[in-house]
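Peer 1: Next comes the structure file coords_11.cif, holding mmCIF, C-alpha atoms.
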```cif
data_my_file
loop_
_atom_site.label_atom_id
_atom_site.label_comp_id
_atom_site.auth_asym_id
_atom_site.auth_seq_id
_atom_site.Cartn_x
_atom_site.Cartn_y
_atom_site.Cartn_z
CA MET A 1 127.36 110.88 125.25
CA ALA A 2 126.51 108.28 127.87
CA LEU A 3 123.11 108.30 129.55
CA THR A 4 122.40 107.88 133.24
CA ALA A 5 120.67 104.74 134.49
CA ALA A 6 117.47 106.74 135.08
CA GLN A 7 117.47 108.11 131.51
CA ALA A 8 118.04 104.63 130.08
CA GLU A 9 115.22 103.24 132.23
CA ALA A 10 112.92 106.05 131.05
CA GLN A 11 113.47 105.04 127.41
CA MET A 12 112.82 101.39 128.33
CA GLN A 13 109.54 102.48 129.93
CA GLU A 14 108.59 104.49 126.85
CA VAL A 15 109.05 101.52 124.54
CA PHE A 16 108.00 98.53 126.66
CA GLY A 17 105.87 100.15 129.38
CA ALA A 18 105.14 97.94 132.37
CA VAL A 19 106.58 94.87 130.61
CA SER A 20 110.16 95.97 131.32
CA THR A 21 109.53 96.17 135.10
CA GLY A 22 107.51 93.00 135.58
CA GLY A 23 104.11 94.71 135.41
CA LYS A 24 105.01 97.64 137.69
CA ARG A 25 105.09 101.22 136.55
CA MET A 26 108.18 103.22 137.35
CA GLN A 27 107.45 105.37 140.38
CA THR A 28 108.06 109.10 140.20
CA PRO A 29 110.62 110.11 142.84
CA PRO A 30 109.06 112.15 145.68
CA PRO A 31 109.84 115.85 145.70
CA GLU A 32 112.44 117.11 148.07
CA GLU A 33 111.10 117.94 151.51
CA GLU A 34 110.81 121.61 152.22
CA ASP A 35 112.36 123.21 155.23
CA GLY A 36 109.99 122.51 158.12
CA ARG A 37 111.06 125.47 160.18
CA LYS A 38 108.36 128.06 160.73
CA GLN A 39 108.97 131.50 159.46
CA ARG A 40 109.46 134.10 162.15
CA ARG A 41 106.73 136.65 162.35
CA PRO A 42 107.96 140.20 162.04
CA ASN A 43 108.27 142.08 165.33
CA GLY A 44 105.71 140.51 167.62
CA LYS A 45 102.44 138.64 167.37
CA GLY A 46 100.13 138.83 164.43
CA GLY A 47 102.57 140.84 162.37
CA GLN A 48 102.06 143.95 164.53
CA GLY A 49 105.55 145.31 164.21
CA GLU A 50 107.01 148.69 163.61
CA GLY A 51 104.65 151.05 161.89
CA TRP A 52 101.45 149.47 163.25
CA MET A 53 98.83 152.16 163.65
CA GLY A 54 97.26 150.73 166.81
CA LYS A 55 93.60 151.13 167.73
CA GLY A 56 91.20 153.73 166.42
CA ARG A 57 89.58 154.86 163.21
CA LYS A 58 92.87 154.99 161.35
CA SER A 59 93.67 151.38 162.13
CA GLN A 60 90.15 150.23 161.21
CA ALA A 61 90.34 152.02 157.84
CA SER A 62 93.77 150.50 157.24
CA ARG A 63 92.49 147.02 158.05
CA GLY A 64 89.53 147.50 155.66
CA THR A 65 91.86 148.62 152.87
CA TYR A 66 94.14 145.64 153.54
CA ALA A 67 91.18 143.21 153.48
CA ARG A 68 89.94 144.55 150.14
CA SER A 69 93.46 144.38 148.71
CA TYR A 70 93.85 140.80 149.95
CA GLU A 71 90.50 139.75 148.40
CA THR A 72 91.50 141.33 145.08
CA GLU A 73 94.87 139.60 145.13
CA GLU A 74 93.25 136.27 146.03
CA ALA A 75 90.75 136.58 143.16
CA SER A 76 93.62 137.40 140.81
CA MET A 77 95.57 134.33 141.98
CA GLU A 78 92.51 132.12 141.46
CA GLU A 79 92.12 133.41 137.91
CA MET A 80 95.83 132.82 137.18
CA THR A 81 95.61 129.30 138.63
CA ARG A 82 92.57 128.53 136.48
CA LEU A 83 94.33 129.79 133.33
CA LEU A 84 97.46 127.83 134.22
CA CYS A 85 95.43 124.63 134.60
CA ARG A 86 93.86 125.20 131.18
CA VAL A 87 97.29 125.71 129.61
CA VAL A 88 98.66 122.53 131.24
CA VAL A 89 95.71 120.43 130.10
CA ARG A 90 95.94 121.86 126.58
CA GLN A 91 99.68 121.16 126.44
CA GLU A 92 99.06 117.55 127.52
CA ASP A 93 96.48 117.15 124.74
CA MET A 94 98.92 118.57 122.17
CA LEU A 95 101.68 116.22 123.36
CA ASN A 96 99.33 113.23 123.04
CA ILE A 97 98.41 114.29 119.50
CA LEU A 98 102.09 114.74 118.63
CA LYS A 99 102.91 111.24 119.94
CA GLN A 100 100.45 109.78 117.43
CA SER A 101 102.58 111.21 114.61
CA THR A 102 106.00 110.40 116.09
CA SER A 103 105.36 107.01 117.71
CA TRP A 104 105.04 103.54 116.22
CA VAL A 105 103.12 100.55 117.53
CA ILE A 106 103.94 96.97 116.54
CA PHE A 107 101.66 93.97 117.03
CA ALA A 108 103.75 90.80 116.91
CA LYS A 109 103.07 87.16 117.68
CA THR A 110 105.05 85.51 120.45
CA GLU A 111 105.03 82.04 118.89
CA ALA A 112 108.06 80.97 116.86
CA PRO A 113 109.30 82.40 114.62
CA SER A 114 108.95 85.66 116.57
CA ILE A 115 110.92 88.90 116.70
CA ILE A 116 110.09 89.58 120.36
CA PRO A 117 113.02 87.67 121.97
CA GLY A 118 115.51 89.43 119.74
CA LEU A 119 114.04 92.88 120.49
CA VAL A 120 114.11 92.25 124.23
CA ALA A 121 117.72 91.01 124.09
CA ALA A 122 118.74 94.04 121.99
CA SER A 123 117.09 96.45 124.44
CA GLN A 124 118.90 94.87 127.40
CA LYS A 125 122.21 95.10 125.54
CA TRP A 126 121.50 98.74 124.67
CA LYS A 127 120.72 99.51 128.32
CA GLU A 128 124.08 98.05 129.40
CA GLU A 129 126.11 99.85 126.73
CA ILE A 130 124.40 103.26 126.81
CA THR A 131 125.51 103.99 130.39
CA LYS A 132 129.20 103.42 129.60
CA GLN A 133 131.53 106.28 128.80
CA ASN A 134 132.55 106.61 125.12
CA SER A 135 129.91 104.05 124.15
CA PRO A 136 129.44 103.63 120.36
CA LEU A 137 125.68 103.82 121.03
CA GLY A 138 125.98 107.16 122.82
CA ASN A 139 123.97 109.07 120.19
CA VAL A 140 121.56 106.25 119.31
CA SER A 141 118.17 106.09 121.01
CA LEU A 142 116.49 102.85 122.03
CA ARG A 143 113.76 103.24 119.41
CA THR A 144 116.35 103.62 116.63
CA THR A 145 118.26 100.58 117.89
CA LEU A 146 115.13 98.42 118.06
CA PHE A 147 113.95 99.53 114.61
CA TRP A 148 117.33 98.60 113.13
CA CYS A 149 117.18 95.26 114.97
CA LEU A 150 113.64 94.70 113.68
CA LEU A 151 114.73 95.11 110.05
CA ASN A 152 117.69 92.76 110.54
CA GLN A 153 115.51 90.13 112.19
CA LEU A 154 112.93 90.31 109.42
CA MET A 155 115.67 89.78 106.83
CA GLU A 156 117.08 86.81 108.75
CA THR A 157 113.60 85.33 109.18
CA PHE A 158 112.87 85.57 105.46
CA LYS A 159 116.19 83.91 104.63
CA ASN A 160 115.60 80.95 106.97
CA LEU A 161 111.97 80.10 106.19
CA THR A 162 111.20 76.41 105.85
CA ALA A 163 109.33 74.86 102.93
CA ASP A 164 106.17 74.57 105.05
CA GLN A 165 106.34 78.23 106.03
CA LEU A 166 106.86 79.30 102.42
CA GLN A 167 103.88 77.23 101.34
CA LYS A 168 101.78 78.76 104.10
CA ALA A 169 102.77 82.24 102.91
CA LYS A 170 101.73 81.37 99.35
CA ASP A 171 98.40 79.95 100.51
CA ALA A 172 97.73 83.12 102.50
CA GLY A 173 98.54 85.29 99.49
CA TRP A 174 101.60 86.86 101.11
CA SER A 175 103.94 85.73 98.34
CA THR A 176 103.77 84.58 94.75
CA ASP A 177 104.74 81.22 93.25
CA GLN A 178 108.12 82.79 92.39
CA GLY A 179 108.74 83.57 96.07
CA GLN A 180 108.18 87.33 95.77
CA TRP A 181 106.53 89.06 98.72
CA VAL A 182 103.52 91.21 97.83
CA TYR A 183 101.56 94.10 99.32
CA GLN A 184 98.01 93.50 100.44
CA LYS A 185 94.99 95.71 101.06
CA TRP A 186 91.58 95.14 102.57
CA SER A 187 88.72 94.51 100.15
CA PRO A 188 85.39 95.73 101.63
CA ALA A 189 83.45 93.91 98.91
CA ASN A 190 85.05 90.49 99.51
CA GLN A 191 85.81 91.07 103.22
CA THR A 192 89.34 89.75 102.85
CA LEU A 193 92.92 90.83 102.13
CA GLU A 194 93.86 90.98 98.45
CA GLN A 195 97.07 91.74 96.59
CA ASP A 196 97.64 95.45 96.02
CA THR A 197 99.28 95.91 92.64
CA THR A 198 99.50 99.70 93.00
CA ALA A 199 101.81 99.70 96.06
CA GLY A 200 105.56 99.20 96.25
CA TRP A 201 108.30 99.79 93.69
CA ASP A 202 109.40 98.00 90.56
CA PHE A 203 113.01 96.91 90.85
CA ALA A 204 115.42 94.71 88.95
CA ARG A 205 115.46 91.08 90.09
CA ASP A 206 118.35 89.97 87.87
CA GLY A 207 121.30 91.43 85.99
CA ALA A 208 123.76 94.01 87.31
CA LYS A 209 121.13 95.78 89.42
CA GLY A 210 119.43 92.65 90.75
CA VAL A 211 121.76 92.18 93.71
CA CYS A 212 121.01 90.84 97.20
CA PHE A 213 120.75 92.96 100.32
CA SER A 214 124.12 94.30 101.44
CA ASN A 215 125.61 96.98 103.70
CA VAL A 216 127.56 98.30 100.69
CA PHE A 217 125.68 99.14 97.49
CA ASN A 218 125.69 101.54 94.54
CA VAL A 219 123.14 104.32 94.28
CA LEU A 220 122.98 107.48 92.12
CA GLY A 221 126.50 107.01 90.76
CA VAL A 222 128.22 106.55 94.13
CA GLN A 223 128.96 103.66 96.48
CA MET A 224 127.22 103.86 99.87
CA ASP A 225 128.40 102.00 102.99
CA ILE A 226 125.81 101.84 105.82
CA SER A 227 127.57 99.24 107.97
CA CYS A 228 128.12 101.95 110.66
CA LEU A 229 124.72 103.59 110.28
CA HIS A 230 123.78 102.64 113.86
CA GLN A 231 126.69 104.84 114.97
CA GLY A 232 125.48 107.76 112.88
CA THR A 233 128.03 107.28 110.05
CA VAL A 234 127.38 106.81 106.32
CA VAL A 235 130.36 106.48 103.98
CA LEU A 236 130.07 107.68 100.35
CA THR A 237 132.80 106.81 97.84
CA ASN A 238 133.25 106.53 94.10
CA LYS A 239 132.23 103.27 92.48
CA PRO A 240 135.08 100.86 91.61
CA ASP A 241 134.69 101.42 87.86
CA ARG A 242 134.73 105.19 88.41
CA ILE A 243 137.96 104.87 90.40
CA GLU A 244 139.56 102.89 87.56
CA LYS A 245 138.59 105.60 85.05
CA LEU A 246 140.04 108.31 87.28
CA MET A 247 143.28 106.39 87.64
CA GLY A 248 143.49 106.09 83.85
CA LYS A 249 142.86 109.84 83.40
CA LEU A 250 145.51 110.67 86.00
CA GLY A 251 147.99 108.42 84.17
CA VAL A 252 147.42 110.33 80.93
CA VAL A 253 147.84 113.68 82.70
CA GLU A 254 151.06 112.47 84.33
CA LYS A 255 152.55 111.40 81.00
CA SER A 256 151.56 114.58 79.15
CA GLY A 257 152.64 116.90 81.96
CA SER A 258 149.64 119.15 81.40
CA VAL A 259 145.88 119.13 81.88
CA THR A 260 143.10 120.85 79.97
CA VAL A 261 140.11 122.55 81.55
CA HIS A 262 137.83 119.76 80.37
CA GLU A 263 140.10 117.06 81.82
CA ALA A 264 140.27 118.93 85.13
CA GLN A 265 136.46 119.13 85.25
CA VAL A 266 136.23 115.39 84.60
CA LEU A 267 138.71 114.61 87.36
CA LEU A 268 136.86 116.82 89.84
#
```
For this file, produce the structure as structure tokens.

Peer 2:
Amino acid sequence: MALTAAQAEAQMQEVFGAVSTGGKRMQTPPPEEEDGRKQRRPNGKGGQGEGWMGKGRKSQASRGTYARSYETEEASMEEMTRLLCRVVVRQEDMLNILKQSTSWVIFAKTEAPSIIPGLVAASQKWKEEITKQNSPLGNVSLRTTLFWCLLNQLMETFKNLTADQLQKAKDAGWSTDQGQWVYQKWSPANQTLEQDTTAGWDFARDGAKGVCFSNVFNVLGVQMDISCLHQGTVVLTNKPDRIEKLMGKLGVVEKSGSVTVHEAQVLL
């Protein structure tokens, strides 16, 4: 579903803030002007229409009763307004707390190599595409698009590092002599970052499972294709060797003309 230009701009503001508008905050549109015509007073001046009791004790008693009723109603409205203000302030506090759990903040350098130019270009492209009808990015938010772009840029940056940059990473303790990137944690005793051997996962670096990054890979006995993940689509299929085994089983069943319960369970 395509977004309007205002909705796309709101997401740009949420991610980039004043940077996306040259240092200016997006102004809230003014509320619609109310009808300036004065309401007609009922039946004469001061509201003294049909049913007015006129002068005398009866009218004075009625005015006293009306005044007390008005004061009671006004006090009730003040109490409701005060409670409403408390609810609004509390809701704003809860929203701010929720944003801390659902938002992400990135601190990045602007000097080359930097991911900032790529993120800005991707956001501008998203803004152009999201307002078009039947856009492939119709169900993808700006934050999801930028996060996907961030991962791709990090992968491309790691692949294209120069020898000087790799040596700098080793000297800083970011990678090992074998070129493996490591996790770091802050050491209060030494007041410096040190390698954290307890974080991360152990994975195969060679053999059948030691493969490079790819949009198509094998996991848990199936083949997963995430090339269209940005469009909300993940394709799961059988692995090539599993398909060959199934074709062989089907050939045996075709020749025999019958299938056992066990063979049917294997094929399913």

Peer 1: List the spatial neighbours of Ala108 in chain A as a list of chain:residue names - criterion: any atom at most 12 Å away, all atoms listed in the file, same-chain residues fewer than 4 positions off excluded.

Peer 2: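 With the cut-off at 12 Å, the set is A:Ala112, A:Pro113, A:Ser114, A:Ile115, A:Ile116, A:Pro117, A:Leu119, A:Leu150, A:Leu154.
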
Peer 1: Just to confirm, what's the straight-line distance from CA of Thr192 in chain A to CA of Gln178 in chain A in Å (one decimal)?

Peer 2: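 Computing it gives 22.6 Å between the two atoms.
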
Peer 1: Mind pulling up the distance from CA of Glu14 in chain A to CA of Leu151 in chain A?

Peer 2: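 We find that CA of Leu151 in chain A and CA of Glu14 in chain A lie 20.2 Å from each other.
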
Peer 1: Could you work out how far CA of Asn218 in chain A lies from CA of Asp241 in chain A, giving the answer in Å with one decimal?

Peer 2: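 For CA of Asp241 in chain A relative to CA of Asn218 in chain A, the distance reads 11.2 Å.
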
Peer 1: Between A:Gln13, A:Ser123, A:Thr72, A:Gln165, which one has atoms that come closest to Cys149 in chain A, using all atoms listed in the file?

Peer 2: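 Going through A:Gln13, A:Ser123, A:Thr72, A:Gln165 one by one, the smallest distance to Cys149 in chain A is for A:Ser123.
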